[in-house]
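J.: For reference, this is upload04.txt, and it has compact mmCIF, C-alpha atoms.
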# COMPACT_ATOMS: atom_id res chain seq x y z
CA MET A 1 0.00 0.00 0.00
CA GLU A 2 2.76 2.46 0.95
CA GLU A 3 4.61 1.80 -2.30
CA SER A 4 1.47 2.39 -4.32
CA ASN A 5 0.61 5.55 -2.36
CA ARG A 6 4.12 6.91 -2.76
CA ARG A 7 4.06 6.43 -6.54
CA LEU A 8 0.64 8.07 -6.79
CA LEU A 9 1.89 10.97 -4.67
CA ARG A 10 4.80 11.34 -7.07
CA ALA A 11 2.34 11.58 -9.95
CA ARG A 12 0.19 14.08 -8.03
CA ASP A 13 3.26 16.22 -7.27
CA THR A 14 3.96 16.20 -11.01
CA MET A 15 0.45 17.51 -11.65
CA ASP A 16 1.04 20.26 -9.08
CA ARG A 17 4.22 21.35 -10.86
CA THR A 18 2.88 21.13 -14.42
CA TYR A 19 -0.68 22.30 -13.80
CA ALA A 20 -0.72 24.60 -16.83
CA GLN A 21 0.00 21.77 -19.23
CA PRO A 22 -2.69 19.44 -20.62
CA LEU A 23 -3.56 16.48 -18.40
CA ASP A 24 -1.31 13.66 -19.56
CA ILE A 25 -2.76 10.49 -18.07
CA PRO A 26 -0.35 8.14 -19.92
CA ALA A 27 2.68 10.01 -18.52
CA LEU A 28 1.22 10.16 -15.01
CA ALA A 29 0.32 6.47 -15.11
CA GLN A 30 3.90 5.75 -16.10
CA ILE A 31 5.19 7.74 -13.11
CA ALA A 32 2.85 5.71 -10.90
CA CYS A 33 3.96 2.47 -12.61
CA VAL A 34 0.41 1.37 -13.42
CA SER A 35 -1.92 1.20 -16.43
CA GLU A 36 -3.95 4.30 -17.33
CA ALA A 37 -7.24 2.79 -16.17
CA HIS A 38 -5.69 1.55 -12.95
CA PHE A 39 -4.11 4.96 -12.37
CA ILE A 40 -7.42 6.80 -12.52
CA ARG A 41 -9.10 4.21 -10.31
CA THR A 42 -6.38 4.07 -7.65
CA PHE A 43 -5.85 7.85 -7.68
CA ARG A 44 -9.52 8.30 -6.86
CA ALA A 45 -9.44 5.61 -4.18
CA THR A 46 -6.35 7.17 -2.58
CA PHE A 47 -7.06 10.89 -2.82
CA GLY A 48 -10.84 10.95 -3.04
CA GLU A 49 -11.19 12.46 -6.50
CA THR A 50 -10.19 11.81 -10.08
CA PRO A 51 -6.92 13.17 -11.49
CA HIS A 52 -9.00 15.43 -13.76
CA ARG A 53 -10.83 16.97 -10.82
CA TYR A 54 -7.62 17.33 -8.83
CA LEU A 55 -6.03 19.23 -11.71
CA GLN A 56 -9.09 21.46 -12.05
CA ARG A 57 -8.84 22.43 -8.38
CA ARG A 58 -5.11 23.06 -8.69
CA ARG A 59 -5.74 25.33 -11.67
CA VAL A 60 -8.56 27.15 -9.91
CA GLU A 61 -6.36 27.63 -6.84
CA ARG A 62 -3.64 29.16 -9.05
CA SER A 63 -6.19 31.37 -10.78
CA MET A 64 -7.47 32.54 -7.38
CA PHE A 65 -3.92 33.55 -6.50
CA LEU A 66 -3.49 35.45 -9.76
CA LEU A 67 -6.89 37.15 -9.41
CA ARG A 68 -5.95 38.31 -5.91
CA GLU A 69 -2.36 39.27 -6.49
CA THR A 70 -2.22 40.62 -10.06
CA ASP A 71 -4.11 42.93 -12.39
CA ARG A 72 -4.01 40.47 -15.29
CA ARG A 73 -7.19 40.09 -17.30
CA VAL A 74 -9.41 37.13 -16.46
CA THR A 75 -8.92 35.77 -19.98
CA ASP A 76 -5.15 35.85 -19.60
CA ILE A 77 -5.32 34.18 -16.19
CA CYS A 78 -7.57 31.49 -17.64
CA LEU A 79 -4.91 30.65 -20.23
CA ASP A 80 -2.05 31.04 -17.72
CA VAL A 81 -3.38 28.26 -15.52
CA GLY A 82 -4.08 25.83 -18.34
CA PHE A 83 -7.71 26.29 -19.37
CA SER A 84 -8.17 26.55 -23.10
CA SER A 85 -11.46 28.45 -23.09
CA LEU A 86 -12.85 31.25 -20.96
CA GLY A 87 -16.24 29.53 -20.88
CA THR A 88 -14.84 26.34 -19.37
CA PHE A 89 -12.74 28.31 -16.91
CA SER A 90 -15.64 30.46 -15.71
CA ARG A 91 -17.99 27.49 -15.47
CA THR A 92 -15.46 25.37 -13.56
CA PHE A 93 -14.49 28.26 -11.28
CA SER A 94 -18.13 29.04 -10.45
CA GLU A 95 -19.02 25.39 -10.01
CA ILE A 96 -16.20 24.85 -7.53
CA LEU A 97 -16.25 28.19 -5.71
CA GLY A 98 -19.86 29.31 -6.05
CA GLN A 99 -18.93 32.67 -7.55
CA SER A 100 -17.48 34.00 -10.77
CA PRO A 101 -13.79 34.87 -11.18
CA THR A 102 -14.69 38.57 -11.39
CA ASP A 103 -16.76 38.47 -8.21
CA TYR A 104 -14.02 36.55 -6.46
CA ARG A 105 -11.48 39.22 -7.43
CA LYS A 106 -13.70 41.98 -6.05
CA ARG A 107 -14.26 40.30 -2.70
CA SER A 108 -11.01 38.52 -1.98
CA ASP A 109 -8.65 39.57 0.76
CA ILE A 110 -6.24 36.89 1.93
CA LYS A 111 -3.12 37.57 3.92
CA ALA A 112 0.09 36.21 2.45
CA VAL A 113 1.24 32.89 3.89
CA PRO A 114 4.17 30.63 2.93
CA THR A 115 3.71 28.97 -0.42
CA CYS A 116 2.90 25.45 0.63
CA PHE A 117 0.19 26.57 3.02
CA GLY A 118 -1.35 28.85 0.43
CA MET A 119 -1.40 25.99 -2.06
CA ALA A 120 -2.89 23.50 0.34
CA TRP A 121 -5.33 25.66 2.26
CA THR A 122 -6.66 28.05 -0.36
CA ARG A 123 -7.35 25.23 -2.78
CA PRO A 124 -11.12 25.06 -3.21
CA SER A 125 -12.94 22.02 -1.95
CA SER A 126 -13.81 19.24 -4.32
CA PHE A 127 -16.84 17.94 -2.56
CA GLY A 128 -19.66 20.13 -3.72
CA GLU A 129 -19.81 22.62 -0.87
CA ALA A 130 -19.62 25.59 -3.23
CA ALA A 131 -23.35 26.30 -3.20
CA ALA A 132 -23.44 26.37 0.59
CA ARG A 133 -20.35 28.53 1.07
CA GLN A 134 -20.54 32.18 1.98
CA PRO A 135 -18.81 34.47 -0.49
CA LEU A 136 -15.31 35.45 0.62
CA MET B 1 8.35 29.88 30.62
CA LEU B 2 9.47 27.92 27.61
CA LYS B 3 12.93 28.70 26.27
CA SER B 4 13.55 26.77 23.07
CA ILE B 5 12.67 23.83 20.86
CA ILE B 6 15.10 20.99 21.45
CA ILE B 7 13.50 18.13 19.61
CA SER B 8 10.93 17.65 16.84
CA HIS B 9 9.58 14.47 15.34
CA VAL B 10 9.27 13.01 11.87
CA TRP B 11 7.66 9.65 11.06
CA VAL B 12 9.77 7.54 8.72
CA LEU B 13 9.05 4.14 7.24
CA ASP B 14 12.63 2.84 7.44
CA GLN B 15 15.30 4.33 9.68
CA ASP B 16 18.28 3.22 7.57
CA GLN B 17 16.70 4.74 4.49
CA ALA B 18 15.94 7.86 6.55
CA LEU B 19 19.61 8.13 7.53
CA ASP B 20 20.64 7.83 3.92
CA PHE B 21 18.34 10.71 3.04
CA TYR B 22 18.57 13.09 6.00
CA VAL B 23 22.31 12.59 6.57
CA GLY B 24 23.60 11.34 3.22
CA LYS B 25 21.65 13.74 1.04
CA LEU B 26 20.43 16.69 3.12
CA GLY B 27 23.71 16.83 5.07
CA LEU B 28 22.38 16.61 8.62
CA GLU B 29 24.46 14.82 11.23
CA VAL B 30 23.52 11.97 13.52
CA LYS B 31 23.16 13.14 17.10
CA GLN B 32 21.95 9.96 18.79
CA ASP B 33 21.56 6.43 17.49
CA LEU B 34 20.62 4.26 20.44
CA PRO B 35 19.31 0.70 20.17
CA LEU B 36 16.95 0.69 23.12
CA GLY B 37 15.57 -2.72 22.36
CA PHE B 38 11.95 -1.68 22.17
CA MET B 39 12.88 1.05 19.67
CA ARG B 40 15.82 2.65 17.93
CA TRP B 41 16.22 6.21 19.24
CA LEU B 42 17.58 8.01 16.21
CA THR B 43 18.02 11.77 16.05
CA VAL B 44 19.69 14.10 13.55
CA ALA B 45 20.55 17.79 13.59
CA VAL B 46 21.77 20.55 11.33
CA PRO B 47 25.58 20.81 11.68
CA GLY B 48 26.34 23.71 13.99
CA GLU B 49 22.90 23.58 15.60
CA PRO B 50 23.31 20.66 18.03
CA ASN B 51 20.57 21.69 20.42
CA ARG B 52 17.67 21.22 18.03
CA GLU B 53 17.27 17.57 17.10
CA ILE B 54 14.83 15.76 14.84
CA LEU B 55 13.69 12.33 16.00
CA LEU B 56 13.31 9.92 13.08
CA GLU B 57 10.75 7.48 14.43
CA GLN B 58 9.26 4.42 12.82
CA PRO B 59 5.57 3.73 13.51
CA GLY B 60 4.77 0.29 14.85
CA PRO B 61 4.19 -1.96 17.87
CA PRO B 62 4.40 -1.77 20.81
CA ALA B 63 3.93 2.02 20.72
CA MET B 64 0.87 1.50 18.56
CA ASP B 65 -0.99 -1.52 17.28
CA GLU B 66 -0.17 -2.77 13.81
CA ALA B 67 -3.45 -1.56 12.30
CA THR B 68 -2.81 1.98 13.56
CA ALA B 69 0.79 1.85 12.33
CA GLN B 70 -0.49 0.79 8.94
CA THR B 71 -2.82 3.81 8.87
CA VAL B 72 0.09 6.11 9.80
CA ARG B 73 2.23 4.58 7.05
CA GLU B 74 -0.54 5.08 4.52
CA LEU B 75 -1.00 8.72 5.52
CA ILE B 76 2.75 9.43 5.26
CA SER B 77 3.07 7.77 1.88
CA LYS B 78 0.18 9.67 0.36
CA GLY B 79 1.50 13.00 1.61
CA ALA B 80 -1.32 13.54 4.09
CA THR B 81 0.89 14.43 7.04
CA GLY B 82 1.18 17.99 5.73
CA PHE B 83 4.20 20.17 6.20
CA THR B 84 6.86 18.27 8.15
CA VAL B 85 9.98 20.34 8.68
CA GLY B 86 11.56 23.53 7.33
CA PHE B 87 15.24 24.42 7.03
CA THR B 88 17.05 27.61 6.06
CA THR B 89 19.96 28.04 3.69
CA ASP B 90 22.14 30.92 2.57
CA ASP B 91 21.83 30.02 -1.12
CA CYS B 92 18.62 28.34 -2.19
CA GLN B 93 19.55 27.93 -5.85
CA LYS B 94 22.86 26.26 -5.02
CA THR B 95 21.20 24.00 -2.45
CA TYR B 96 18.58 23.05 -5.03
CA GLU B 97 21.20 22.14 -7.61
CA THR B 98 23.26 20.16 -5.10
CA LEU B 99 20.30 18.15 -3.87
CA LEU B 100 18.92 17.64 -7.36
CA ALA B 101 22.25 16.11 -8.38
CA LYS B 102 21.90 13.73 -5.43
CA GLY B 103 18.55 12.55 -6.73
CA VAL B 104 16.30 14.37 -4.24
CA GLU B 105 12.67 14.55 -5.36
CA PHE B 106 11.43 18.13 -5.58
CA THR B 107 7.86 19.37 -5.43
CA GLN B 108 8.87 22.93 -6.24
CA GLU B 109 11.87 24.54 -7.89
CA PRO B 110 13.32 27.75 -6.36
CA VAL B 111 10.67 30.46 -6.33
CA GLU B 112 10.95 33.97 -4.95
CA ARG B 113 8.29 34.79 -2.37
CA PHE B 114 7.65 37.71 -0.04
CA TYR B 115 9.58 35.91 2.71
CA GLY B 116 12.51 34.78 0.58
CA ILE B 117 13.36 32.10 -1.96
CA ASP B 118 12.19 28.60 -1.22
CA ILE B 119 12.04 25.07 -2.54
CA GLY B 120 9.83 22.12 -1.72
CA LEU B 121 10.85 18.47 -1.62
CA ARG B 122 9.82 15.10 -0.28
CA ASP B 123 11.75 12.59 1.72
CA PRO B 124 11.70 8.99 0.43
CA PHE B 125 8.54 8.27 2.40
CA GLY B 126 6.37 11.22 1.29
CA ASN B 127 7.04 13.77 4.04
CA HIS B 128 6.99 17.36 2.79
CA ILE B 129 10.09 19.43 3.54
CA ARG B 130 10.85 23.03 2.65
CA ILE B 131 14.14 24.91 2.48
CA THR B 132 14.12 28.71 2.52
CA GLN B 133 16.65 31.42 1.87
CA GLN B 134 15.07 34.05 4.04
CA THR B 135 14.92 37.72 3.14
CA ALA B 136 17.23 39.89 5.21
CA THR B 137 14.28 41.51 6.94
CA PRO B 138 11.31 39.17 7.18
CA PRO B 139 7.96 40.94 6.79
CA ALA B 140 6.16 41.77 10.03
How does the structure come out when it is put into structure tokens?
T.:
Amino acid sequence: MEESNRRLLRARDTMDRTYAQPLDIPALAQIACVSEAHFIRTFRATFGETPHRYLQRRRVERSMFLLRETDRRVTDICLDVGFSSLGTFSRTFSEILGQSPTDYRKRSDIKAVPTCFGMAWTRPSSFGEAAARQPL
Amino acid sequence: MLKSIIISHVWVLDQDQALDFYVGKLGLEVKQDLPLGFMRWLTVAVPGEPNREILLEQPGPPAMDEATAQTVRELISKGATGFTVGFTTDDCQKTYETLLAKGVEFTQEPVERFYGIDIGLRDPFGNHIRITQQTATPPA
């Protein structure tokens, strides 16, 4: 179990580093030393969500950072974090966070924290709480 | 009142492998390696900072039952133990290059932040470690 977890973690760390690139399941499965189908199945069993959803949340977390900390246009931020269309970005962002990127930018105010904590703790939840959350 | 931190704790899955990583790769030094019978008391420290040790402890019986130890091992190996330990360095880029050449697994290349330049890495078991080159005057 530990060996399998460790290999999956290695693949997940790769996703964290290369979040702006297209999701490459064959490459990630190779890092985890399993077949593509087995990778998706065991990733979900281990981390509670599919690799696709994990990557979406990582990208949304990065876009939240850029919306808060920069003046870049929403369209540019969308492309920066790896989404290929503004429509998909806005829909995914709103679905996960319960508000649009523009509204988020207007209301956000987060104090700076060390990188790893920002990445881990400002990442939006994956479990459908968006509708119930209060706007930030 | 409290005066200082003298010892912190990191779970490892194999103490020999931990020594190879924390001493052989990160450059820490062994402070205590005592076979107590019921456990191996193994601590390491940053050279020049002998009064702050890190205990490299292996989960297992009799301290905890095997099922609990298995849960701990699973959490470590899937990176769920969170941030484990942070070190400082005078030259983050050089440290990164040195450790990369030794085969250390990085989660983040050197990045400049408001508090300095830092890198993220994992030990062989999945623990998350950070190394920071702090700014001269840390923000308040």
J.: Rounded to one decimal place, report the atom CA of B:Leu2-atom CA of B:Asn127 distance in Å.
T.: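 Taking atom CA of B:Leu2 and atom CA of B:Asn127, their separation equals 27.6 Å.
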J.: Could you please tell me, as a ChimeraX atom specification, which residues of chain A have an atom within 9 Å of chain B when using only C-alpha atoms?
T.: /A:1-10,13-14,16-17,46-47,112-117,120
J.: By how many Å are atom CA of B:Leu100 and atom CA of B:Leu28 apart?
T.: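 Rounded to one decimal, the two atoms are 16.4 Å apart.
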J.: Which one is closest to A:Gly118: A:Ile77, A:Leu55, A:Met64, A:Ile96? Count all atoms listed in the file.
T.: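 Using all atoms listed in the file, A:Gly118 sits closest to A:Met64.
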J.: Please, which residues are within 10 Å of (9.7, 19.3, 16.6) by the file's coordinates, counting all atoms listed in the file, and could they come as an MDAnalysis selection string?
T.: chainID B and resid 5:10 52:55 84:85
J.: Grab the atom CA of A:Pro101 to atom CA of A:Arg57 distance for me, in Å with one decimal place.
T.: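 Result for atom CA of A:Pro101 versus atom CA of A:Arg57: 13.7 Å, one decimal.
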J.: Can you pull out the residues contacting B:Pro62? Cut-off 12 Å, using only C-alpha atoms, and skip same-chain residues under 6 positions away; I want them as number ranges by chain.
T.: B: 37-39, 68-69
J.: Which of these residues is nearest to A:Pro22, using all atoms listed in the file: A:Phe65, A:Trp121, A:Phe43, A:Phe83?
T.: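 Answer, going by the shortest atom-to-atom distance: A:Phe83.
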J.: Which of these, A:Thr70, A:Ser35, A:Thr50, A:Gln56, has the shortest distance to A:Gln21 once you count only C-alpha atoms?
T.: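 Smallest separation from A:Gln21 among the options: A:Gln56.
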J.: Take every atom of stretch 61-66 of chain B listed in the file, fit an axis-aligned box around them, add 6 Å per side, and give the centre and edge lengths in Å to one decimal as lines of an AutoDock Vina configuration file.
T.:
center_x = 1.7
center_y = -0.4
center_z = 17.3
size_x = 17.4
size_y = 16.8
size_z = 19.0
J.: Extract, using all atoms listed in the file, all DNA, RNA and protein residues at most 8 Å from stretch 97-99 of chain B, discarding same-chain residues fewer than 4 positions from it, and format them as JSON, numbers by chain.
T.: {"B": [25, 26, 93, 103, 104]}
J.: Create the file for the chosen residues now, containing C-alpha atoms and written as a PDB file, keeping the file's coordinate frame.
T.:
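Output file out.pdb follows:
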ATOM      1  CA  LYS B  25      21.650  13.740   1.040  1.00  0.00           C
ATOM      2  CA  LEU B  26      20.430  16.690   3.120  1.00  0.00           C
ATOM      3  CA  GLN B  93      19.550  27.930  -5.850  1.00  0.00           C
ATOM      4  CA  GLY B 103      18.550  12.550  -6.730  1.00  0.00           C
ATOM      5  CA  VAL B 104      16.300  14.370  -4.240  1.00  0.00           C
TER       6      VAL B 104
END
J.: Residues around (-11.4, 35.2, -14.7), cut-off 10 Å, counting all atoms listed in the file - what are they as a PyMOL selection string?
T.: chain A and resi 60+63-64+66-67+72-79+86-87+89-90+93+100-105
J.: Atoms to include: C-alpha atoms. Write the selected residues as an mmCIF file, in the frame of the given file.
T.:
data_model
loop_
_atom_site.group_PDB
_atom_site.id
_atom_site.type_symbol
_atom_site.label_atom_id
_atom_site.label_comp_id
_atom_site.auth_asym_id
_atom_site.auth_seq_id
_atom_site.Cartn_x
_atom_site.Cartn_y
_atom_site.Cartn_z
ATOM 1 C CA VAL A 60 -8.560 27.150 -9.910
ATOM 2 C CA SER A 63 -6.190 31.370 -10.780
ATOM 3 C CA MET A 64 -7.470 32.540 -7.380
ATOM 4 C CA LEU A 66 -3.490 35.450 -9.760
ATOM 5 C CA LEU A 67 -6.890 37.150 -9.410
ATOM 6 C CA ARG A 72 -4.010 40.470 -15.290
ATOM 7 C CA ARG A 73 -7.190 40.090 -17.300
ATOM 8 C CA VAL A 74 -9.410 37.130 -16.460
ATOM 9 C CA THR A 75 -8.920 35.770 -19.980
ATOM 10 C CA ASP A 76 -5.150 35.850 -19.600
ATOM 11 C CA ILE A 77 -5.320 34.180 -16.190
ATOM 12 C CA CYS A 78 -7.570 31.490 -17.640
ATOM 13 C CA LEU A 79 -4.910 30.650 -20.230
ATOM 14 C CA LEU A 86 -12.850 31.250 -20.960
ATOM 15 C CA GLY A 87 -16.240 29.530 -20.880
ATOM 16 C CA PHE A 89 -12.740 28.310 -16.910
ATOM 17 C CA SER A 90 -15.640 30.460 -15.710
ATOM 18 C CA PHE A 93 -14.490 28.260 -11.280
ATOM 19 C CA SER A 100 -17.480 34.000 -10.770
ATOM 20 C CA PRO A 101 -13.790 34.870 -11.180
ATOM 21 C CA THR A 102 -14.690 38.570 -11.390
ATOM 22 C CA ASP A 103 -16.760 38.470 -8.210
ATOM 23 C CA TYR A 104 -14.020 36.550 -6.460
ATOM 24 C CA ARG A 105 -11.480 39.220 -7.430
#
